[in-house]
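Chemist: Before we start, here is the structure in question, set down as structure tokens.
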Amino acid sequence: MSHPQVVLKVEDLSVSFGAGVERFSAVRGISFDIAAGKTLCLVGESGSGKSVSAMALLGLLPPASTSIQARRITLHGESLLDMRPSRMREVRGGEIAFIFQDPMTSLNPALTVGFQITEAIRLHRKESAGAARRLALDMLERVRISDGAQRLECYPHQLSGGMRQRVMIAMALACRPKVLIADEPTTALDVTVQAQILALIDELKHEFGTAVLLITHDFGVVAEMADEVAIMYAGEIVESGPVSDIFDAPSHGYTAGLLAALPKAREGQRLVEIPGSLPRRGRPQTGCVFAPRCAFSTQDCQVAQPVPVQLTAGHTTRCMNHTTIRLGPVAQAEVAHG
Amino acid sequence: MAEHALVEVEDVTRQYRLDWRRKVRAVDGVSLSLHAGETLSLVGESGCGKSTLARLILRLEAPDQGRIRLAGEDITTLSGAALRERRRLMQMIFQDPYACLDPRMTAGDIVREPLDNYHIGTPPQRRAAVHDLMDRVGLRRDYVSRYPYELSGGQRQRLGIARALALKPKVLLADEPVSALDVSIRAQVINLLVDLQKEYGIAILLVSHDIDVVAHVSHRIAIMYVGRIVETGPAARVLSHPLHPYTRALLDAVPVAHPRLRRARQLIEGDVPSPVDPPSGCRFHPRCPMATARCSSEVPLLKMVEHDRSVACHLVAPHHPMSPPETQERAT
């Protein structure tokens, strides 16, 4: 395989809200890049900053109360940071498409599905009404919605949840975006429908060579979809790497803990718990963000902030005890049970 | 069906009126039993009637048909003080710990309220009981004076569990108890429920769509699809050798546990049908890859296929279980 082309590059992105004593930093210095036709899963629990990061890329956060800093955010080499608003509007929805968790709240209830799909096509691809309609019909077929012509006349409330998410995908991919950002696209859906939607995203990704940023908290979805994984905790990427490395050799206390805490059909066995709960606001003053809950933390973890360590090509962790963790009982059990 | 099941549900149906001509049968002829110390999981997708069934058992609603027995006693038509007395034995844990706690009560008041309601003990005894319950679910005692908004999601769910335990129930109905919780908190709450069951011999009816959680905690499983049970049996058997085509499709749709296990799938098409206008015959037939003409006309009944194992499918012969085309082993 030839060297995959990096489409979206993010370096040292920080996002904070408010000012003065009320200032709250939601994301601190995260970096990642996604290549064409690849899926990066951004994994984290509620409040870890994964959605905020994605919205910051597209300037979707309220500018008055948000401060976004980054060394570099580029789409095919073009900087998104100092982009003119008019160009940003072209990029948003055109070159970078977004799918949200709840399709009901991201579709306009007062407009037909057809109007909403064709609107995006006409704006971004400057097509005529007729051509846009043909393209919309074609996309509906692609996402396996039957009776496309009838469905175009439907309002969102007339469709089921799975169907609405398909419409969102059709709309997002109609403009052949270079990047698709999907924020928990299947969390609101039933299992059988989730499998259909994930398969669809994967298929269209291969067909169009789209780079996919998939935001999720579900390790099943990660195992199913990811090429690369970035694990976020309290606003920082604590570990990142190829999906097989993350599952086989988790090298951060948080990743190892999460994988061990997943319920498995091992009757009678207690689940491994991660004690405590997520920090409510930001990070402690010193040390590793995860140290208070970490099964592997040592004295050093409370004091010094860990720096990123490169383990293998592309596999990076921000953990001082990664060697212990890799050899630790948790990680070993994980590897053994695959 | 065993003689002394704690909860017995017999052919229960509940329908709701949508408007002057349309009705929804949320639960349609369901039977099940729940024994002491056992976890029975109701598994199914949205709209399959699993929450309605749980509410019927608690008698928060009355069934249109069928009987519900608690410890051998028929509670189908009980009301008022008699029902209130039986309800002590059954408690519910809700999905959303943010919505089910009164924001204006302190944690201590929330746990004590059931004791007050049933006039159990003297005030000092109640206070001591609250402390014991908080200890039991792993909440610090000084949290008694905190309000729900001061607690995290996992702590709130613990509080909900402490409150449910206050009356020493024999049955806990847990409706998606961990699906609103973060992954790192989920394991804590699942372990707590399993521990409590072992300690007090409580029967748990778990309503869930999360197959991994179900596989971890259940003894028996009932799979529901659009108001009916399509398959029921011991958890390990049902999950490792699903017989009903829907059970198989459901298990096959569960994401893999490890990227190495990725596979090409035969996904079923379409969405879960609305219970307002359910398909004729077997409700799964429009999505079933093996459906025959009979499936669209005749409703399949739950038939015993193995010991303690029943399936509602025309294609699964009683006592001669059809061997599934590709027997799938659930990855651990």
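Ligands are numbered from 1 in the order shown, chains are lettered A, B, ... in the order of the structure tokens, and residues start at 1 in each chain.
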When the cut-off is 6 Å and we count only C-alpha atoms, which residues of chain B are near chain A, given as a list in words?
Modeler: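 In the required form, that comes to Glu45, Asp182, Ser184, Ala187, Gln188, Asp212, Val213, Ala215, His216, Leu250, Ala253, Pro255, Val256, Ala257, His258, Pro259 and Thr332 of chain B.
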Chemist: Set the distance at 10 Å and use only C-alpha atoms: which residues neighbour segment 22-24 of chain B once local chain neighbours fewer than 5 positions away are removed? I'd like the list as a ChimeraX atom specification.
Modeler: /B:14-17,227,274-278
Chemist: One number please: atom CA of Thr77 of chain B to atom CA of His35 of chain B, in Å, one decimal.
Modeler: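 Computing the Euclidean distance for atom CA of Thr77 of chain B and atom CA of His35 of chain B yields 21.9 Å.
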Chemist: Please return as a PyMOL selection string: the residues of segment 46-137 of chain B that backbone DSSP assigns to strand (DSSP E).
Modeler: chain B and resi 65-70+73-74+90-93
Chemist: Write out, as a PDB file, in the first residue's frame, the residues just selected, with C-alpha atoms.
Modeler:
```pdb
ATOM      1  CA  GLN B  65     -55.393  -9.906  30.309  1.00  0.00           C
ATOM      2  CA  GLY B  66     -53.439 -12.524  32.175  1.00  0.00           C
ATOM      3  CA  ARG B  67     -52.306 -13.004  35.751  1.00  0.00           C
ATOM      4  CA  ILE B  68     -49.373 -11.815  37.821  1.00  0.00           C
ATOM      5  CA  ARG B  69     -48.457 -13.662  41.009  1.00  0.00           C
ATOM      6  CA  LEU B  70     -46.025 -12.605  43.685  1.00  0.00           C
ATOM      7  CA  GLU B  73     -50.373 -14.799  45.566  1.00  0.00           C
ATOM      8  CA  ASP B  74     -52.362 -13.291  42.732  1.00  0.00           C
ATOM      9  CA  MET B  90     -40.640  -5.209  44.860  1.00  0.00           C
ATOM     10  CA  GLN B  91     -38.472  -2.216  44.158  1.00  0.00           C
ATOM     11  CA  MET B  92     -37.291  -0.570  41.009  1.00  0.00           C
ATOM     12  CA  ILE B  93     -33.989   0.892  39.885  1.00  0.00           C
TER      13      ILE B  93
END
```
Chemist: For Glu176 of chain B, which of B:Val207, B:Cys48, B:Leu239, B:Ala164 is the closest residue, counting only C-alpha atoms?
Modeler: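 Residue with the minimum atom-to-atom distance to Glu176 of chain B: B:Val207.
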Chemist: Among segment 79-140 of chain B, which ones does DSSP assign to alpha helix (DSSP H) (computed from the backbone)? Answer as a ChimeraX atom specification.
Modeler: /B:80-87,107-117,123-136
Chemist: To one decimal place in Å, what is the distance between atom CA of Ser79 of chain A and atom CA of Gly37 of chain A?
Modeler: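 Interatomic distance, atom CA of Ser79 of chain A to atom CA of Gly37 of chain A: 20.8 Å.
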Chemist: Determine, counting only C-alpha atoms, which protein, DNA and RNA residues have an atom within 7 Å of an atom of segment 65-76 of chain A; residues of the same chain fewer than 4 positions away are not included. Present the result as an MDAnalysis selection string.
Modeler: chainID A and resid 7:18 61 80:81
Chemist: Would you mind exporting the chosen residues as a compact mmCIF listing (two decimals), in the first residue's frame, restricted to C-alpha atoms?
Modeler:
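Output file result25.txt is given in full below:
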```txt
# COMPACT_ATOMS: atom_id res chain seq x y z
CA VAL A 7 -6.05 14.74 5.09
CA LEU A 8 -6.68 16.38 8.43
CA LYS A 9 -3.87 17.38 10.74
CA VAL A 10 -4.38 18.77 14.23
CA GLU A 11 -1.46 19.86 16.36
CA ASP A 12 -1.62 20.99 19.95
CA LEU A 13 -5.27 21.99 20.04
CA SER A 14 -6.53 23.56 23.27
CA VAL A 15 -10.02 24.79 23.97
CA SER A 16 -11.16 26.71 27.00
CA PHE A 17 -14.39 28.37 28.02
CA GLY A 18 -14.98 31.48 30.08
CA LEU A 61 -18.35 26.78 19.35
CA LEU A 80 -8.49 26.07 9.23
CA LEU A 81 -7.35 28.36 12.02
```
Chemist: Could you name the residues that touch Asp102 of chain A at 8 Å or less, counting only C-alpha atoms, but leaving out those on the same chain fewer than 6 positions away, as a VMD selection string?
Modeler: chain A and resid 165 185 188
Chemist: Excluding Leu311 of chain A and residues on its chain fewer than 4 positions from it, collect all residues at most 12 Å away from it, counting only C-alpha atoms, and give them as a list in words.
Modeler: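 Surrounding residues, per the criterion: Glu239, Ser240, Gly241, Pro242, Asp245, Ile246, Ala249, Pro250, Ser251, His252, His315, Thr316, Thr317, Arg318, Cys319, Met320, His322, Thr323 and Arg326 of chain A.
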Chemist: Extract, using only C-alpha atoms, all DNA, RNA and protein residues at most 8 Å from Ile190 of chain B, discarding same-chain residues fewer than 4 positions from it, and format them as a PDB file with N, CA and C atoms, in the first residue's frame.
Modeler:
```
ATOM      1  N   LEU A 271     -16.211  -7.798  37.855  1.00  0.00           N
ATOM      2  CA  LEU A 271     -15.574  -6.926  36.878  1.00  0.00           C
ATOM      3  C   LEU A 271     -14.489  -6.133  37.577  1.00  0.00           C
TER       4      LEU A 271
ATOM      5  N   VAL B 178     -27.482   0.620  34.018  1.00  0.00           N
ATOM      6  CA  VAL B 178     -26.142   1.167  33.782  1.00  0.00           C
ATOM      7  C   VAL B 178     -25.993   1.849  32.435  1.00  0.00           C
ATOM      8  N   ARG B 186     -19.627   1.947  35.112  1.00  0.00           N
ATOM      9  CA  ARG B 186     -20.528   0.831  34.886  1.00  0.00           C
ATOM     10  C   ARG B 186     -20.146  -0.407  35.687  1.00  0.00           C
ATOM     11  N   VAL B 194     -24.541  -7.456  41.679  1.00  0.00           N
ATOM     12  CA  VAL B 194     -24.249  -8.889  41.814  1.00  0.00           C
ATOM     13  C   VAL B 194     -23.970  -9.238  43.278  1.00  0.00           C
ATOM     14  N   VAL B 217     -24.224 -10.852  33.829  1.00  0.00           N
ATOM     15  CA  VAL B 217     -24.947 -10.998  35.097  1.00  0.00           C
ATOM     16  C   VAL B 217     -26.102 -12.002  35.091  1.00  0.00           C
TER      17      VAL B 217
END
```
